[in-house]
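Asks: Handing you a structure now.
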Amino acid sequence: KAGVTQTPRYLIKTRGQQVTLSCSPISGHRSVSWYQQTPGQGLQFLFEYFSETQRNKGNFPGRFSGRQFSNSRSEMNVSTLELGDSALYLCASRVGQGPNEQFFGPGTRLTVL
Amino acid sequence: AQSVTQPDIHITVSEGASLELRCNYSYGATPYLFWYVQSPGQGLQLLLKYFSGDTLVQGIKGFEAEFKRSQSSFNLRKPSVHWSDAAEYFCAVQLHGSSNTGKLIFGQGTTLQVKP
């Protein structure tokens with residue numbers, strides 16, 4: 001069974017631009033979560049989607065948004081990029097709600113210049 | 001506020017030696033507990049998980065972890081470290097309750113270096 005895939009793997013943008021990252025979960029997984037990883041703040045939860053609905057949201061500004069499609073694929077969008085948005089963005093999928101483990105993709109490395 | 005603490009930022013062990021990575025959490029109830037490993041430039045790989053039941057859990061790559069409720073700890077152990085174990089290790093908790101489902105709270109990570 002294929003793992004979680006994320007595209008693109010690397011991205012370079014300039015301040016003020018917007019970016020869209022994509023995540024395809026493991027087949028059969030209906031829940032997708034997004035995390036930001038930076039050297040200073042570590043791994044921080046952005047949001048979770050299940051059945052096309054946002055179920056939980058972390059403490060990030062409204063510039064960070066996401067959505068989930070009927071096939072469980074998810075996208076996250078960051079508008080008006082800031083230098084501090086440079087990070088590794090990780091997507092994780094799990095079967096559904098409740099106690100089950102999350103499987104992570106390789107991440108998208110975003111650099112904002 | 002809920003938090004996860006990994007007291008050791010960096011650990012160096014000799015190949016073949018035993019390893020213990022510490023993890024403590026702050027939460028009013030027993031959360032779901034996980035250990036992940038991350039190699040440079042890679043995503044996170046799940047090593048093991050604890051939901052309930054037996055407090056000693058076995059994972060992949062010869063790792064195990066023990067949940068101690070009285071100490072709010074979930075320490076990771078391996079009896080004999082291999083050079084390929086060099087990586088960054090993250091402890092994570094998932095809180096109960098509908099508002100928290102799916103949200104993992106991570107520790108700051110412990111970087112493991114293995115000496116030949």
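Going through the structure tokens in order, the chains are called A, B, and so on, while each chain numbers its residues from 1 and the ligands are numbered from 1 in the order shown.
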Would you mind listing, as a list of chain:residue names, all residues of chain B that have at least one atom within 7 Å of chain A, where only C-alpha atoms are what counts?

Replies: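 On the chain B side, the interface is B:Gln42, B:Gly43, B:Leu44, B:Gln45, B:Phe51, B:Ser99, B:Asn100, B:Thr101, B:Gly102, B:Lys103, B:Leu104, B:Phe106, B:Gln108.
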
Asks: Go ahead and save the residues from that selection, with C-alpha atoms, as a PDB file, in the first residue's frame.

Replies:
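selection16.pdb, freshly written:
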```pdb
ATOM      1  CA  GLN B  42      12.604  12.801   5.812  1.00  0.00           C
ATOM      2  CA  GLY B  43       9.148  12.674   7.296  1.00  0.00           C
ATOM      3  CA  LEU B  44       8.277  11.021  10.585  1.00  0.00           C
ATOM      4  CA  GLN B  45       8.173   7.262  10.968  1.00  0.00           C
ATOM      5  CA  PHE B  51      -3.467   3.500  23.656  1.00  0.00           C
ATOM      6  CA  SER B  99     -12.025  18.970  20.180  1.00  0.00           C
ATOM      7  CA  ASN B 100      -8.622  17.377  20.269  1.00  0.00           C
ATOM      8  CA  THR B 101      -8.956  14.368  17.996  1.00  0.00           C
ATOM      9  CA  GLY B 102      -6.099  14.094  15.562  1.00  0.00           C
ATOM     10  CA  LYS B 103      -4.019  16.800  17.156  1.00  0.00           C
ATOM     11  CA  LEU B 104      -0.596  15.537  18.130  1.00  0.00           C
ATOM     12  CA  PHE B 106       5.150  16.893  20.114  1.00  0.00           C
ATOM     13  CA  GLN B 108      11.122  19.207  21.108  1.00  0.00           C
TER      14      GLN B 108
END
```

Asks: Just the residues within 9 Å of Glu66 in chain B, please, counting only C-alpha atoms, with nothing from its chain fewer than 4 positions along; format it as a list in words.

Replies: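 So the residues in contact are Tyr50, Asp54, Thr55, Leu56, Val57, Gln58, Ser73, Phe74, Asn75, Leu76 and Arg77 of chain B.
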
Asks: Determine the nearest neighbour of Gln2 in chain B from the options B:Gly53, B:Gly16, B:Gly59, B:Gly107, counting only C-alpha atoms.

Replies: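 Answer, going by the shortest atom-to-atom distance: B:Gly107.
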
Asks: When you draw a straight line from CA of Ser72 in chain B to CA of Ser3 in chain B, how long is it in Å?

Replies: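 For CA of Ser72 in chain B relative to CA of Ser3 in chain B, the distance reads 11.1 Å.
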
Asks: Can you tell me which residues surround Gln6 in chain B at a distance of at most 8 Å, considering only C-alpha atoms, apart from same-chain residues fewer than 6 positions away, and format the answer as a PyMOL selection string?

Replies: chain B and resi 21-24+91+107-110

Asks: Which residues are near range 6-22 of chain A? Cut-off 6 Å, only C-alpha atoms, ignore same chain within fewer than 3 positions. Put them as a list in words.

Replies: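 These residues fall inside the cut-off: Ser74, Glu75, Met76, Asn77, Val78, Ser79, Thr80, Leu81, Glu82, Thr108, Arg109, Leu110, Thr111, Val112 and Leu113 of chain A.
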
Asks: Restricting the output to N, CA, C and O atoms, write the selected residues as an mmCIF file, in the first residue's frame.

Replies:
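In the end it all went to selection-v8.cif:
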```cif
data_model
loop_
_atom_site.group_PDB
_atom_site.id
_atom_site.type_symbol
_atom_site.label_atom_id
_atom_site.label_comp_id
_atom_site.auth_asym_id
_atom_site.auth_seq_id
_atom_site.Cartn_x
_atom_site.Cartn_y
_atom_site.Cartn_z
ATOM 1 N N SER A 74 -5.928 16.312 0.324
ATOM 2 C CA SER A 74 -6.033 17.590 1.025
ATOM 3 C C SER A 74 -5.039 18.586 0.460
ATOM 4 O O SER A 74 -3.987 18.222 -0.068
ATOM 5 N N GLU A 75 -5.384 19.826 0.554
ATOM 6 C CA GLU A 75 -4.481 20.915 0.200
ATOM 7 C C GLU A 75 -4.435 21.907 1.356
ATOM 8 O O GLU A 75 -5.418 22.076 2.074
ATOM 9 N N MET A 76 -3.279 22.521 1.529
ATOM 10 C CA MET A 76 -3.198 23.650 2.433
ATOM 11 C C MET A 76 -2.656 24.849 1.667
ATOM 12 O O MET A 76 -1.864 24.708 0.739
ATOM 13 N N ASN A 77 -3.135 25.995 2.044
ATOM 14 C CA ASN A 77 -2.782 27.231 1.370
ATOM 15 C C ASN A 77 -2.244 28.215 2.384
ATOM 16 O O ASN A 77 -2.781 28.331 3.496
ATOM 17 N N VAL A 78 -1.188 28.900 2.002
ATOM 18 C CA VAL A 78 -0.682 29.985 2.838
ATOM 19 C C VAL A 78 -0.657 31.236 1.967
ATOM 20 O O VAL A 78 -0.020 31.245 0.909
ATOM 21 N N SER A 79 -1.349 32.253 2.395
ATOM 22 C CA SER A 79 -1.399 33.493 1.633
ATOM 23 C C SER A 79 -0.456 34.523 2.253
ATOM 24 O O SER A 79 -0.042 34.392 3.416
ATOM 25 N N THR A 80 -0.121 35.516 1.475
ATOM 26 C CA THR A 80 0.742 36.610 1.939
ATOM 27 C C THR A 80 1.917 36.073 2.750
ATOM 28 O O THR A 80 2.079 36.330 3.944
ATOM 29 N N LEU A 81 2.745 35.311 2.079
ATOM 30 C CA LEU A 81 3.854 34.629 2.745
ATOM 31 C C LEU A 81 4.779 35.586 3.480
ATOM 32 O O LEU A 81 5.073 36.700 3.000
ATOM 33 N N GLU A 82 5.231 35.130 4.643
ATOM 34 C CA GLU A 82 6.214 35.861 5.444
ATOM 35 C C GLU A 82 7.468 35.004 5.560
ATOM 36 O O GLU A 82 7.425 33.785 5.388
ATOM 37 N N THR A 108 6.895 18.896 2.578
ATOM 38 C CA THR A 108 7.226 19.899 1.574
ATOM 39 C C THR A 108 8.088 20.957 2.248
ATOM 40 O O THR A 108 7.679 21.546 3.249
ATOM 41 N N ARG A 109 9.271 21.147 1.698
ATOM 42 C CA ARG A 109 10.181 22.162 2.253
ATOM 43 C C ARG A 109 9.883 23.480 1.565
ATOM 44 O O ARG A 109 10.136 23.629 0.379
ATOM 45 N N LEU A 110 9.345 24.439 2.313
ATOM 46 C CA LEU A 110 9.016 25.760 1.786
ATOM 47 C C LEU A 110 10.057 26.763 2.249
ATOM 48 O O LEU A 110 10.314 26.883 3.451
ATOM 49 N N THR A 111 10.637 27.467 1.300
ATOM 50 C CA THR A 111 11.570 28.543 1.610
ATOM 51 C C THR A 111 10.979 29.842 1.105
ATOM 52 O O THR A 111 10.604 29.944 -0.071
ATOM 53 N N VAL A 112 10.890 30.825 1.989
ATOM 54 C CA VAL A 112 10.351 32.140 1.631
ATOM 55 C C VAL A 112 11.499 33.148 1.641
ATOM 56 O O VAL A 112 12.188 33.310 2.663
ATOM 57 N N LEU A 113 11.718 33.779 0.488
ATOM 58 C CA LEU A 113 12.831 34.742 0.368
ATOM 59 C C LEU A 113 12.326 36.180 0.422
ATOM 60 O O LEU A 113 11.167 36.446 0.070
#
```

Asks: Could you check how far CA of Ala29 in chain B sits from CA of Ile105 in chain B, in Å to one decimal?

Replies: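 These atoms are spaced 14.5 Å apart.
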
Asks: Counting only C-alpha atoms, which residue out of A:Gly84, A:Pro61, A:Gly66, A:Gly3 sits closest to Ser24 in chain A?

Replies: A:Gly3

Asks: Quick check for you: according to DSSP on this backbone, which residues of chain A are classed as strand (DSSP E or B)? Reply as a ChimeraX atom specification.

Replies: /A:5-7,10-13,19-24,31-38,42-50,53-57,64-68,74-78,87-94,103-104,108-112

Asks: Quick one: residues within 8 Å of Leu48 in chain B, only C-alpha atoms, excluding same-chain residues fewer than 3 positions away - as an mmCIF file with all heavy atoms, in the first residue's frame?

Replies:
```cif
data_model
loop_
_atom_site.group_PDB
_atom_site.id
_atom_site.type_symbol
_atom_site.label_atom_id
_atom_site.label_comp_id
_atom_site.auth_asym_id
_atom_site.auth_seq_id
_atom_site.Cartn_x
_atom_site.Cartn_y
_atom_site.Cartn_z
ATOM 1 N N PHE B 34 2.921 8.272 21.607
ATOM 2 C CA PHE B 34 3.616 7.807 20.411
ATOM 3 C C PHE B 34 5.091 8.197 20.479
ATOM 4 O O PHE B 34 5.462 9.197 21.092
ATOM 5 C CB PHE B 34 3.019 8.458 19.143
ATOM 6 C CG PHE B 34 1.531 8.301 19.004
ATOM 7 C CD1 PHE B 34 0.679 9.208 19.605
ATOM 8 C CD2 PHE B 34 1.005 7.260 18.257
ATOM 9 C CE1 PHE B 34 -0.706 9.075 19.476
ATOM 10 C CE2 PHE B 34 -0.378 7.120 18.124
ATOM 11 C CZ PHE B 34 -1.224 8.029 18.737
ATOM 12 N N TRP B 35 5.894 7.402 19.796
ATOM 13 C CA TRP B 35 7.265 7.779 19.489
ATOM 14 C C TRP B 35 7.445 7.703 17.967
ATOM 15 O O TRP B 35 7.062 6.720 17.333
ATOM 16 C CB TRP B 35 8.280 6.843 20.148
ATOM 17 C CG TRP B 35 8.627 7.217 21.554
ATOM 18 C CD1 TRP B 35 8.127 6.677 22.706
ATOM 19 C CD2 TRP B 35 9.584 8.193 21.966
ATOM 20 N NE1 TRP B 35 8.699 7.268 23.800
ATOM 21 C CE2 TRP B 35 9.593 8.201 23.369
ATOM 22 C CE3 TRP B 35 10.441 9.065 21.288
ATOM 23 C CZ2 TRP B 35 10.431 9.042 24.128
ATOM 24 C CZ3 TRP B 35 11.264 9.896 22.022
ATOM 25 C CH2 TRP B 35 11.263 9.884 23.426
ATOM 26 N N TYR B 36 8.031 8.776 17.427
ATOM 27 C CA TYR B 36 8.352 8.850 16.013
ATOM 28 C C TYR B 36 9.844 9.078 15.856
ATOM 29 O O TYR B 36 10.495 9.659 16.721
ATOM 30 C CB TYR B 36 7.612 10.015 15.344
ATOM 31 C CG TYR B 36 6.138 9.796 15.106
ATOM 32 C CD1 TYR B 36 5.199 10.132 16.086
ATOM 33 C CD2 TYR B 36 5.668 9.273 13.893
ATOM 34 C CE1 TYR B 36 3.838 9.943 15.855
ATOM 35 C CE2 TYR B 36 4.314 9.091 13.658
ATOM 36 C CZ TYR B 36 3.409 9.435 14.651
ATOM 37 O OH TYR B 36 2.061 9.255 14.421
ATOM 38 N N VAL B 57 5.233 -1.535 25.652
ATOM 39 C CA VAL B 57 4.845 -1.746 24.259
ATOM 40 C C VAL B 57 6.077 -1.969 23.399
ATOM 41 O O VAL B 57 7.124 -1.352 23.619
ATOM 42 C CB VAL B 57 4.012 -0.567 23.717
ATOM 43 C CG1 VAL B 57 2.694 -0.469 24.439
ATOM 44 C CG2 VAL B 57 4.770 0.742 23.835
ATOM 45 N N GLN B 58 5.925 -2.834 22.437
ATOM 46 C CA GLN B 58 7.007 -3.151 21.513
ATOM 47 C C GLN B 58 6.765 -2.433 20.201
ATOM 48 O O GLN B 58 5.632 -2.266 19.758
ATOM 49 C CB GLN B 58 7.074 -4.651 21.275
ATOM 50 C CG GLN B 58 7.255 -5.476 22.536
ATOM 51 C CD GLN B 58 8.569 -5.190 23.233
ATOM 52 O OE1 GLN B 58 9.607 -5.025 22.594
ATOM 53 N NE2 GLN B 58 8.536 -5.106 24.572
ATOM 54 N N GLY B 59 7.851 -1.994 19.589
ATOM 55 C CA GLY B 59 7.727 -1.308 18.324
ATOM 56 C C GLY B 59 8.623 -1.915 17.267
ATOM 57 O O GLY B 59 9.132 -3.023 17.410
ATOM 58 N N ILE B 60 8.833 -1.142 16.231
ATOM 59 C CA ILE B 60 9.693 -1.599 15.138
ATOM 60 C C ILE B 60 11.144 -1.349 15.471
ATOM 61 O O ILE B 60 11.468 -0.592 16.397
ATOM 62 C CB ILE B 60 9.309 -0.911 13.814
ATOM 63 C CG1 ILE B 60 9.521 0.594 13.904
ATOM 64 C CG2 ILE B 60 7.868 -1.242 13.435
ATOM 65 C CD1 ILE B 60 9.367 1.319 12.570
ATOM 66 N N PHE B 63 12.795 -1.374 19.176
ATOM 67 C CA PHE B 63 12.489 -0.388 20.214
ATOM 68 C C PHE B 63 11.308 -0.850 21.072
ATOM 69 O O PHE B 63 10.423 -1.560 20.609
ATOM 70 C CB PHE B 63 12.147 0.969 19.597
ATOM 71 C CG PHE B 63 13.340 1.709 19.067
ATOM 72 C CD1 PHE B 63 13.720 1.590 17.743
ATOM 73 C CD2 PHE B 63 14.083 2.530 19.908
ATOM 74 C CE1 PHE B 63 14.836 2.264 17.251
ATOM 75 C CE2 PHE B 63 15.190 3.217 19.433
ATOM 76 C CZ PHE B 63 15.566 3.081 18.103
ATOM 77 N N GLU B 64 11.325 -0.402 22.321
ATOM 78 C CA GLU B 64 10.204 -0.601 23.215
ATOM 79 C C GLU B 64 10.029 0.655 24.061
ATOM 80 O O GLU B 64 10.941 1.492 24.155
ATOM 81 C CB GLU B 64 10.403 -1.810 24.130
ATOM 82 C CG GLU B 64 11.528 -1.656 25.133
ATOM 83 C CD GLU B 64 11.644 -2.848 26.070
ATOM 84 O OE1 GLU B 64 11.243 -3.973 25.697
ATOM 85 O OE2 GLU B 64 12.137 -2.641 27.198
ATOM 86 N N ALA B 65 8.869 0.809 24.641
ATOM 87 C CA ALA B 65 8.617 1.954 25.506
ATOM 88 C C ALA B 65 7.743 1.510 26.662
ATOM 89 O O ALA B 65 6.923 0.593 26.537
ATOM 90 C CB ALA B 65 7.948 3.087 24.741
#
```

Asks: Near Ala86 in chain B, within 8 Å and counting only C-alpha atoms, which residues show up once chain neighbours fewer than 3 positions away are dropped, as a ChimeraX atom specification?

Replies: /B:39,82-83,111-114

Asks: Take the residues that were just selected and, keeping N, CA, C and O atoms, output them as a CSV table (one decimal), in the first residue's frame.

Replies:
```csv
chain,number,residue,atom,x,y,z
B,39,SER,N,14.7,10.9,10.1
B,39,SER,CA,16.0,11.0,9.6
B,39,SER,C,16.1,12.3,8.8
B,39,SER,O,15.1,12.8,8.4
B,82,HIS,N,22.3,0.5,17.0
B,82,HIS,CA,23.0,0.3,15.7
B,82,HIS,C,23.3,1.7,15.1
B,82,HIS,O,22.6,2.7,15.4
B,83,TRP,N,24.3,1.8,14.3
B,83,TRP,CA,24.7,3.1,13.7
B,83,TRP,C,23.5,3.7,13.0
B,83,TRP,O,23.4,4.9,12.9
B,111,THR,N,18.1,14.4,19.6
B,111,THR,CA,19.0,14.0,18.5
B,111,THR,C,19.9,12.9,19.0
B,111,THR,O,20.6,13.1,20.0
B,112,LEU,N,19.9,11.8,18.4
B,112,LEU,CA,20.7,10.6,18.8
B,112,LEU,C,21.9,10.5,17.8
B,112,LEU,O,21.7,10.4,16.6
B,113,GLN,N,23.1,10.6,18.4
B,113,GLN,CA,24.3,10.3,17.7
B,113,GLN,C,24.9,9.0,18.1
B,113,GLN,O,24.9,8.7,19.3
B,114,VAL,N,25.4,8.2,17.2
B,114,VAL,CA,25.9,6.9,17.5
B,114,VAL,C,27.4,6.9,17.2
B,114,VAL,O,27.8,7.1,16.0
```

Asks: Find the spatial neighbours of Leu33 in chain B, counting only C-alpha atoms, within a cut-off of 6 Å - ignore same-chain residues fewer than 3 positions away - and output them as a compact mmCIF listing (two decimals) with N, CA and C atoms, in the first residue's frame.

Replies:
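Generated file (around39.txt):
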```txt
# COMPACT_ATOMS: atom_id res chain seq x y z
N LYS B 49 3.33 2.87 19.67
CA LYS B 49 2.19 3.63 20.18
C LYS B 49 1.64 2.95 21.42
N TYR B 50 0.99 3.76 22.27
CA TYR B 50 0.29 3.25 23.44
C TYR B 50 -1.09 3.88 23.47
N ALA B 92 5.23 12.07 21.25
CA ALA B 92 4.03 12.84 20.95
C ALA B 92 2.85 12.28 21.75
N VAL B 93 1.92 13.16 22.06
CA VAL B 93 0.70 12.74 22.72
C VAL B 93 -0.50 13.21 21.90
```

Asks: Please report, as JSON, numbers by chain, each residue of chain B to which DSSP assigns helix (DSSP H, G or I) when run on this structure's backbone.

Replies: {"B": [60, 61, 62, 69, 70, 71, 83, 84, 85]}

Asks: Quick one: distance from CA of Tyr89 in chain B to CA of Glu20 in chain B in Å, one decimal?

Replies: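 According to the coordinates, CA of Tyr89 in chain B and CA of Glu20 in chain B are separated by 11.2 Å.
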